[in-house]
Amino acid sequence: RAPAPPLYEPLAADVVRAASPISRVADRCALPERGADAPAWLPRYLVQNAYLPGRPAALVVDWAVDVSPPPRGHQVILWWRLTDAAATLAREPEHAWPPYLKLWKRWVERAADDAALRGRLKGIARVEARGRSLPALVNQYNGTPVLMADSPFYGPRSGVADVVRSGDALEFSLDVGRGFSRASNYALAELLPELPSLSLAVAWTIEGSGDDLPEGLLGCFAVDGADFASAVAAEEWLGTDG
């Protein structure tokens with residue numbers, strides 16, 4: 001059975017060079033006038049705000065570690081907007097909604113204050129290398145759903161994303177340097193110079209279980225030949241002096 005179309009469609013993408021994570025980017029940008037007429041609980045815009053550090057932390061303790069200031073990292077911001085079809089579906093009586101829309105409503109309303117619920121955010125990334133070799137860790141997780149949650153020591157896994165609702169936008173922020181393993185950070189750093197020759201795709205969903213199934217996609221985004229070397233500085237992107 002084919003999955004339902006995503007609730008959100010791609011709108012824009014930004015890559016910004018920044019010395020530290022930029023928070024609440026939706027508050028700093030003028031979003032287009034809303035088009036889809038939807039219930040107040042349903043964000044018209046979905047924003048992924050992910051920061052990749054300029055230099056990953058050392059994999060092992062090194063007493064000769066480099067203490068010089070790290071190079072600027074990259075803020076990767078993906079923007080989606082609600083589809084007309086999703087807005088129409090959300091205007092139906094709630095008992096008629098598919099499970100994934102009920103789950104999305106619960107996540108939108110509660111995830112900011114519920115670490116376990118935040119931990120059900122799930123990303124799927126796919127890299128096409130066009131004959132090039134990829135880092136082993138990238139190959140291991142290529143196309144595999146991954147929860148944005150910390151390691152489970154006891155009880156539910158806590159989410160590593162920060163979630164904030166700002167007007168018509170819901171933004172989830174990921175600090176890759178802090179929220180991902182050191183090995184993952186090194187694999188991503190190794191991958192960045194190869195991006196111009198790669199095709200990337202990312203999709204997001206909320207993990208369902210029991211009555212929440214089947215899951216549905218929130219949004220998907222595909223980029224061909226991204227070049228982070230041409231990213232603008234945060235000051236220029238924000239229109240500030242620093």
# chains A, B, ... in the order shown; residues from 1 in each chain; ligands from 1
$ select_by_dssp --residues "segment 77-223 of chain A" --states "helix (DSSP H, G or I)" --output "PyMOL selection string"
chain A and resi 84-90+94-96+99-113+115-118+136-141+176-179+182-197+210-212
$ residues_around --residues "Ala90 of chain A" --least-positions-apart "3" --cutoff "7 Å" --atoms "only C-alpha atoms" --output "NGL selection string"
:A and (38-39 or 86-87)
$ closest_atom_pairs --of "segment 187-227 of chain A" --to "segment 177-180 of chain A" --cutoff "12 Å" --atoms "only C-alpha atoms" --output "CSV"
residue,atom,partner,partner_atom,distance
A:Ala187,CA,A:Phe180,CA,10.9
A:Leu188,CA,A:Gly177,CA,10.3
A:Ala189,CA,A:Gly177,CA,10.6
$ residues_around --residues "Ser209 of chain A" --least-positions-apart "4" --cutoff "12 Å" --atoms "only C-alpha atoms" --output "PyMOL selection string"
chain A and resi 99-100+103+120+213-215
$ residues_around --residues "segment 147-162 of chain A" --least-positions-apart "6" --cutoff "7 Å" --atoms "only C-alpha atoms" --output "ChimeraX atom specification"
/A:115-116,118-123,172-174,179
$ residues_around --residues "Ala30 of chain A" --least-positions-apart "4" --cutoff "12 Å" --atoms "only C-alpha atoms" --output "list in words"
Val25, Ala26, Arg34, Tyr45, Gly167, Asp168, Ala169 and Leu238 of chain A
$ closest_atom_pairs --of "segment 7-51 of chain A" --to "segment 67-81 of chain A" --cutoff "8 Å" --atoms "only C-alpha atoms" --output "JSON lines"
{"residue": "A:Tyr8", "atom": "CA", "partner": "A:Arg81", "partner_atom": "CA", "distance": 5.1}
{"residue": "A:Glu9", "atom": "CA", "partner": "A:Trp80", "partner_atom": "CA", "distance": 5.2}
{"residue": "A:Pro10", "atom": "CA", "partner": "A:Trp80", "partner_atom": "CA", "distance": 4.4}
{"residue": "A:Leu11", "atom": "CA", "partner": "A:Trp80", "partner_atom": "CA", "distance": 4.8}
{"residue": "A:Ala12", "atom": "CA", "partner": "A:Trp79", "partner_atom": "CA", "distance": 5.1}
{"residue": "A:Ala13", "atom": "CA", "partner": "A:Leu78", "partner_atom": "CA", "distance": 4.6}
{"residue": "A:Asp14", "atom": "CA", "partner": "A:Ile77", "partner_atom": "CA", "distance": 5.1}
{"residue": "A:Val15", "atom": "CA", "partner": "A:Val76", "partner_atom": "CA", "distance": 4.7}
{"residue": "A:Val16", "atom": "CA", "partner": "A:Gln75", "partner_atom": "CA", "distance": 5.0}
{"residue": "A:Arg17", "atom": "CA", "partner": "A:His74", "partner_atom": "CA", "distance": 4.7}
{"residue": "A:Ala18", "atom": "CA", "partner": "A:Arg72", "partner_atom": "CA", "distance": 5.2}
{"residue": "A:Ala19", "atom": "CA", "partner": "A:Arg72", "partner_atom": "CA", "distance": 4.5}
{"residue": "A:Ser20", "atom": "CA", "partner": "A:Gly73", "partner_atom": "CA", "distance": 7.1}
{"residue": "A:Pro21", "atom": "CA", "partner": "A:Gln75", "partner_atom": "CA", "distance": 6.9}
{"residue": "A:Ile22", "atom": "CA", "partner": "A:Gln75", "partner_atom": "CA", "distance": 7.3}
{"residue": "A:Arg44", "atom": "CA", "partner": "A:Arg81", "partner_atom": "CA", "distance": 5.6}
{"residue": "A:Tyr45", "atom": "CA", "partner": "A:Arg81", "partner_atom": "CA", "distance": 4.4}
{"residue": "A:Leu46", "atom": "CA", "partner": "A:Trp80", "partner_atom": "CA", "distance": 5.1}
{"residue": "A:Val47", "atom": "CA", "partner": "A:Trp79", "partner_atom": "CA", "distance": 4.8}
{"residue": "A:Gln48", "atom": "CA", "partner": "A:Leu78", "partner_atom": "CA", "distance": 5.1}
{"residue": "A:Asn49", "atom": "CA", "partner": "A:Ile77", "partner_atom": "CA", "distance": 4.6}
{"residue": "A:Ala50", "atom": "CA", "partner": "A:Val76", "partner_atom": "CA", "distance": 5.1}
{"residue": "A:Tyr51", "atom": "CA", "partner": "A:Gln75", "partner_atom": "CA", "distance": 4.4}
$ residues_around --residues "segment 127-134 of chain A" --least-positions-apart "3" --cutoff "10 Å" --atoms "only C-alpha atoms" --output "PyMOL selection string"
chain A and resi 137-143+187+190-191+194-195+197-202+222-224
